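Peer 1: Below you will find the structure I want to go over with you.
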Amino acid sequence: MSEEQPSKQGLAALRPRSQPRVPLADLVNTASTVDVGGITADSRLVQPGDLYVALPGAARHGASFVPDALASGAAAVLTDETGRELITRAGVGVAVQVVADPRSAMAGLAARIYGCPADALKTFAVTGTNGKTTTTFLLDAALRAAGHRVGLVGTVGFLLNGRPLAAVRNTVTTPESPELQALLGYLREAGADSVAMEVSSHALVLGRVDAIRFDVAAFTNFGRDHLDFHNDEESYFEAKASLFSPERSRHAVVNVDDPRGRQLADRIRRAGVVGLTTISFDDRAADCLVTEVEQLADGRLRVVARLAAREVDFVLSLPGEFNVRNALTAVAMLQAAGVDLDRAVASLAEAAVPGRMQRIDLGLDAPRVYVDFAHTPQAVAAALGVLPARRRIAVLGCGGDRDPDKRGPMGAAAASAADVVIITDDNPRNEEPAAIRAQVRAGAEAARRAGDRDIEVIDGGDRRGAIRQALALAEPGDAIALLGKGHETGQEIRGQVLPFDDAEVVAEEWADRRARGIR
């Protein structure tokens with residue numbers, strides 16, 4: 001999914017409680033005698049004593065919100081020349097510091113205000129089109145098993161040692177730099193010694209992770225996504241690749257089975273300033289190579305890999321070759337960071353990731369149901385390709401107001417891997433749901449006509465109705481994949497976020513069928 005604004009509820013609380021105030025003159029070239037105790041670019045998150053950063057925006061300049069920031073206790077404002085002019089014209093009395101590019105200055109200021117918390121933590125970053133959430137969850141589980149106290153930052157939310165941080169619902173992969181630095185300070189104060197973080201292409205372009213030099217950063221894969229933000233695939237790739245500069249990471253782990261991964265590894269190798277570990281299923285020259293994958297009787301996978309002149313043998317709870325790669329990425333990152341692998345990899349046998357190939361157990365006589373966040377053509381094909389079933393039923397939607405050109409390819413990917421494709425709504429946002437479904441269905445129908453398999457493509461209408469229809473069509477031994485929303489618990493329609501959780505809805509609909517005596 002494309003980036004959305006994070007929920008404001010609870011974010012303001014995720015700051016170090018013992019935060020001292022810092023003279024503004026120690027941070028910027030100013031004669032002001034003001035002290036600041038925090039920083040934010042969101043007027044709704046301002047706390048007393050904060051430095052409010054007024055950024056230029058697409059619709060309004062952040063300087064328009066200075067009165068709101070002052071009402072909440074802002075001590076000073078950092079902005080550009082346009083912002084200062086707006087503040088002056090408004091006649092607002094506040095200490096104003098002007099810089100040419102306040103966004104680029106913001107991350108470094110935030111790090112210094114909160115005491116450079118990343119420097120006190122072992123930091124792991126994961127970027128790539130797919131697999132970021134799964135890889136960070138595997139890192140989290142493995143680090144905790146090895147005796148570390150771990151923070152996790154990503155699409156699913158913010159966690160400390162496996163527990164969600166209270167009152168926070170996150171809908172953005174990587175928070176803005178002031179909130180991210182404050183969160184890292186909070187985690188450090190709470191005793192964390194390590195952090196696993198998803199780093200989105202948006203975050204890299206917008207400077208959200210500037211002022212952090214990650215100990216280990218990984219590249220999972222590359223596919224079409226977020227072109228509504230990046231405009232073209234080359235810009236999207238370069239955004240990802242920018243994580244692997246010496247200013248942003250010390251060591252890289254790269255999947256060289258991906259063509260863009262090979263390109264990135266070659267670039268890192270030529271530069272010679274960032275350490276490199278390559279992972280692969282096929283390339284015998286890779287530093288980390290899978291040598292054996294065995295399907296166990298309980299559905300889990302036994303994986304054997306060669307890594308740094310030793311053999312690593314572990315059991316993985318998640319299905320599919322793509323999850324083996326995610327696990328291999330995590331293992332290589334742990335090895336690069338000097339973590340005790342023997343203790344760490346034991347945790348992978350039980351690791352689970354919300355909304356990532358999440359099995360929903362409806363009972364012995366029910367179809368197998370999986371919920372997955374797949375929202376790119378590659379992810380759709382990968383998720384459906386590993387379903388253990390006689391017949392595969394895909395329930396698929398695409399988000400509104402986001403990259404419309406991937407809708408047809410997502411439909412085509414579903415039709416190439418499933419026996420029944422039920423097109424439905426994801427988060428329509430401000431678009432007409434039926435129009436989005438038509439674009440997805442057109443891709444699925446084109447793939448159906450071009451293929452040699454007998455498949456069915458259905459417009460399932462709204463999401464609950466589509467799930468109900470999938471259950472009606474399924475028989476024991478079939479598998480249903482509910483794709484696109486994963487861990488999300490709401491559905492955005494015309495500016496409203498309505499409660500909707502795929503896992504809960506499919507359980508409700510199955511219980512209703514049973515209550516009415518329908519198998």
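Residues are named by chain letter and number: chains run A, B, ... in the order of the structure tokens, numbers start at 1 in each chain, and ligands are numbered from 1 in the order shown.
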Please return as a PyMOL selection string: the residues of region 228-364 of chain A that backbone DSSP assigns to strand (DSSP E).

Peer 2: chain A and resi 251-255+275-280+288-295+301-307+310-316+358-360

Peer 1: Which neighbours of Ala327 (chain A) fall inside 9 Å, counting only C-alpha atoms, when residues of the same chain fewer than 6 positions from it are skipped, and could you give them as a ChimeraX atom specification?

Peer 2: /A:134-135,138-139,316,348

Peer 1: Smallest atom-to-atom distance to Arg60 (chain A): which of A:Ala344, A:Val99, A:Gly83, A:Asp403, using only C-alpha atoms?

Peer 2: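 Smallest distance to Arg60 (chain A) is found for A:Gly83.
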
Peer 1: Work out how far CA of Phe158 (chain A) is from CA of Leu14 (chain A), in Å to one decimal.

Peer 2: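 Between these atoms lies a distance of 9.9 Å.
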
Peer 1: Near Leu334 (chain A), within 9 Å and counting only C-alpha atoms, which residues show up once chain neighbours fewer than 5 positions away are dropped, as a list in words?

Peer 2: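 The filter keeps Phe124, Leu139, Ala142, Leu143, Val216, Thr329, Val339, Asp340, Leu341 and Ala344 of chain A.
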
Peer 1: Measuring between only C-alpha atoms, which one of A:Asp210, A:Asp26, A:Asp425, A:Glu445 shows the shortest distance to Ala412 (chain A)?

Peer 2: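 Checking each candidate against Ala412 (chain A), we get A:Glu445 as the closest.
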
Peer 1: Under the rule that only C-alpha atoms are counted, which of A:Val253, A:Val66, A:Ala447, A:Ala125 is the nearest residue to Thr174 (chain A)?

Peer 2: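 Of the candidates, the smallest distance to Thr174 (chain A) is held by A:Ala125.
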
Peer 1: From a DSSP pass on the backbone, collect the residues of region 281-430 of chain A flagged as helix (DSSP H, G or I) and hand them back as a ChimeraX atom specification.

Peer 2: /A:321-336,341-349,377-385,404-417

Peer 1: Under the rule that only C-alpha atoms are counted, which of A:Pro259, A:Gly49, A:Gly486, A:Pro175 is the nearest residue to Arg356 (chain A)?

Peer 2: A:Gly486
